[in-house]
Amino acid sequence: MTEARTQASTEPAAVPADLTQKLRRAVEARADDLVDLLARLIRIPSVNPKFLVDPAFNREPAVQDLIEAELASLGFATERSFPWPDRPNLIGRRAGSAARSLALCGHVDVVPHGDLGQWSSGPYEPRIDGDRLYGRGASDMKGGIAAALVACRALADVGVVLDGRLEFHAVVDEEGGGTGAMAAAAASAGLAGVLIAEPSGGVLRPWAGGLEWVRVTLRGLSGHSARRFASIYPVDPVNDVPVRSVNAIELGTRLLAAVRELETQWGLTRRFPGMPAGMNTISPGVMVAGCGEGPDGLPALLGNPAMVPDICVIDFDMKFLPHERSADIRREFEDWIGHFAKSDPWLREHPPEIRWELGDLHFPPVNTPLDHPLTRSVEAAIRASGREPVIAGMLGVTDAAHYTARGIPAVVFGPTGGGQHGPDEFVLMSSLTETAAVIADSVVRFCGVRA
């Protein structure tokens, strides 16, 4: 039995009420430091270079420098690895037992700022308005990183000596598929749990659906549009037009209707407690059709409607439930497409091609049990803060998926914000303090304290 599985039977540590209060007071005393730390993180643009290539904005290493300085000042031993050239993961560790080991995790990459004209102020110059702090990454997810760092600072301020090993994982590329977390999880065998500080609105989220990007390619037969009538009407024996074309766009629209039927069937017949009914969707996100297949698998010619298109490519964003397996979902989708193809004379002989892990994207589902010590530790910490815990699933995907795929239990808990991936992204500063206090208390409950 692995250490991660052994941890599932370990009870959360009892935490005296006075220690909880000491940790909260320590966090509150550093509320200004927390805001300042987040502001410094935002001022370093760390846009994922998969979406924007510009050295002025691709500064993930500089963000890691800042985080590493914070960790080093708290006595963490740090090391870097490189899932991508010049894009470092940063791992910090403080010694302790493996049985109660816990990682606090956050991603340092952000999405591009988009149209600057839609921002009320510069996306990389933090702006405070009331309880809101604005800036790219304020919510997703430099706010969570800052809160987790201040939680570690509060543990040091109070003089807590943990029994379990505490790690800090600052990873790259979550916005581009999660290769940073994949590498960190692969190097973390035996880790007993991970808390992802993504913005969760103060809700404890131990579940998330899986996500697949899948491409379906349909191939028809090109021809002159003037002869289209010969392909759609019965052939006139007196005026026979022998050239027949098969329009790939029309094949694609029929396939979309068939996939919608599967989506509806899944949504109406399958449920998971804590997740909205019907969240298991198959969303067509990209559809491109034209003539001739290029080396990238996409149509080579898009600009001549007089040519009947012979290739149609449709990319789907497919979400499924936390208790479902990727392999089963893939097989169901393939079987459905196969049955659809058999209903069409052309597609019976020219079946659609299905390609999984488009863009190397694959997020397994997250299904951490309610009675797992990690879930119970965060739940108890929220309750100790004076709030009744709200537990629900995560609609979006996070790096939690890549840890659970390695057998490492994970939950998501983080601050409240808005505007993620859009203009005027913000985080509520009051929620940063609350998040840091709950994380510090959760660490103590999960890792335990040395006598």
# chains A, B, ... in the order shown; residues from 1 in each chain; ligands from 1
>>> select_by_dssp(residues="range 99-158 of chain A", states="strand (DSSP E or B)", output="ChimeraX atom specification")
/A:99-107,110,127-129,132-134
>>> write_last_selection(atoms="N, CA and C atoms", output="tab-separated table (two decimals), in the first residue's frame")
chain	number	residue	atom	x	y	z
A	99	ALA	N	3.84	10.62	5.79
A	99	ALA	CA	2.46	10.19	6.00
A	99	ALA	C	1.50	11.36	6.09
A	100	ARG	N	2.00	12.50	6.58
A	100	ARG	CA	1.14	13.69	6.69
A	100	ARG	C	1.65	14.82	5.79
A	101	SER	N	2.26	14.47	4.68
A	101	SER	CA	2.84	15.50	3.80
A	101	SER	C	1.75	16.18	2.97
A	102	LEU	N	1.90	17.47	2.78
A	102	LEU	CA	0.90	18.28	2.07
A	102	LEU	C	1.61	19.30	1.21
A	103	ALA	N	1.10	19.50	-0.01
A	103	ALA	CA	1.60	20.56	-0.88
A	103	ALA	C	0.54	21.62	-1.05
A	104	LEU	N	0.96	22.88	-0.99
A	104	LEU	CA	0.14	24.01	-1.40
A	104	LEU	C	0.56	24.36	-2.82
A	105	CYS	N	-0.40	24.47	-3.73
A	105	CYS	CA	-0.05	24.57	-5.15
A	105	CYS	C	-0.76	25.73	-5.82
A	106	GLY	N	-0.03	26.40	-6.70
A	106	GLY	CA	-0.61	27.45	-7.53
A	106	GLY	C	0.16	27.59	-8.83
A	107	HIS	N	-0.50	28.06	-9.87
A	107	HIS	CA	0.18	28.25	-11.16
A	107	HIS	C	0.53	29.72	-11.34
A	110	VAL	N	-0.44	33.30	-16.53
A	110	VAL	CA	-1.73	33.94	-16.69
A	110	VAL	C	-2.07	33.98	-18.18
A	127	ARG	N	-4.67	47.99	-9.13
A	127	ARG	CA	-5.51	49.11	-8.74
A	127	ARG	C	-6.50	48.64	-7.68
A	128	ILE	N	-6.63	49.43	-6.61
A	128	ILE	CA	-7.55	49.10	-5.51
A	128	ILE	C	-8.75	50.03	-5.56
A	129	ASP	N	-9.92	49.44	-5.49
A	129	ASP	CA	-11.17	50.19	-5.44
A	129	ASP	C	-12.06	49.50	-4.41
A	132	ARG	N	-11.87	45.65	-3.74
A	132	ARG	CA	-11.37	44.96	-4.93
A	132	ARG	C	-9.95	45.38	-5.29
A	133	LEU	N	-9.14	44.38	-5.62
A	133	LEU	CA	-7.82	44.64	-6.18
A	133	LEU	C	-7.83	44.11	-7.61
A	134	TYR	N	-7.60	45.02	-8.58
A	134	TYR	CA	-7.68	44.69	-9.99
A	134	TYR	C	-6.30	44.40	-10.58
>>> residues_around(residues="Val63 in chain A", least_positions_apart="5", cutoff="12 Å", atoms="only C-alpha atoms", output="PyMOL selection string")
chain A and resi 37-47+57-58+68-70+87-90+106-110+137+142+145-146+170-172
>>> closest_residue(among="A:Arg153, A:Lys342, A:Arg254, A:Arg215", to="Asp317 in chain A", atoms="only C-alpha atoms")
A:Arg215
>>> atom_distance(atom1="CA of Phe229 in chain A", atom2="CA of Ile314 in chain A")
26.0 Å
>>> select_by_dssp(residues="range 147-188 of chain A", states="helix (DSSP H, G or I)", output="PyMOL selection string")
chain A and resi 147-158+174-176+179-186
>>> closest_residue(among="A:Ser225, A:Ala187, A:Gly114, A:Leu52", to="Arg406 in chain A", atoms="only C-alpha atoms")
A:Ala187
>>> closest_atom_pairs(of="range 304-385 of chain A", to="range 178-184 of chain A", cutoff="9 Å", atoms="only C-alpha atoms", output="Markdown table")
| residue | atom | partner | partner_atom | distance |
| --- | --- | --- | --- | --- |
| A:Leu361 | CA | A:Gly178 | CA | 8.0 |
| A:His362 | CA | A:Gly178 | CA | 8.7 |
| A:Phe363 | CA | A:Gly178 | CA | 8.3 |
>>> atom_distance(atom1="CA of His113 in chain A", atom2="CA of Gly422 in chain A")
7.3 Å
>>> closest_residue(among="A:Asp315, A:Pro83, A:Gly144, A:Val216", to="Ala341 in chain A", atoms="only C-alpha atoms")
A:Val216
>>> closest_residue(among="A:Ala405, A:Asp18, A:Pro206, A:Asp115", to="Asp371 in chain A", atoms="only C-alpha atoms")
A:Pro206
>>> residues_around(residues="range 92-95 of chain A", least_positions_apart="2", cutoff="8 Å", atoms="only C-alpha atoms", output="PyMOL selection string")
chain A and resi 68+71+75-79+90+97+164-169
>>> write_last_selection(atoms="C-alpha atoms", output="mmCIF file, in the first residue's frame")
data_model
loop_
_atom_site.group_PDB
_atom_site.id
_atom_site.type_symbol
_atom_site.label_atom_id
_atom_site.label_comp_id
_atom_site.auth_asym_id
_atom_site.auth_seq_id
_atom_site.Cartn_x
_atom_site.Cartn_y
_atom_site.Cartn_z
ATOM 1 C CA GLU A 68 11.495 31.624 -4.044
ATOM 2 C CA LEU A 71 9.979 30.576 0.646
ATOM 3 C CA GLY A 75 13.207 28.091 5.773
ATOM 4 C CA PHE A 76 11.985 26.133 2.750
ATOM 5 C CA ALA A 77 14.575 24.296 0.689
ATOM 6 C CA THR A 78 13.857 25.142 -2.946
ATOM 7 C CA GLU A 79 14.613 23.589 -6.302
ATOM 8 C CA LEU A 90 9.551 25.913 -8.329
ATOM 9 C CA SER A 97 6.852 12.980 7.819
ATOM 10 C CA GLY A 164 4.140 16.380 8.222
ATOM 11 C CA ARG A 165 6.307 17.641 5.390
ATOM 12 C CA LEU A 166 4.993 20.887 3.898
ATOM 13 C CA GLU A 167 5.673 21.637 0.248
ATOM 14 C CA PHE A 168 4.948 24.623 -1.963
ATOM 15 C CA HIS A 169 4.467 23.964 -5.685
#
>>> atom_distance(atom1="CA of Arg219 in chain A", atom2="CA of Leu358 in chain A")
18.7 Å
>>> closest_residue(among="A:Ile439, A:Met429, A:Leu221, A:Ala380", to="Pro12 in chain A", atoms="only C-alpha atoms")
A:Ala380
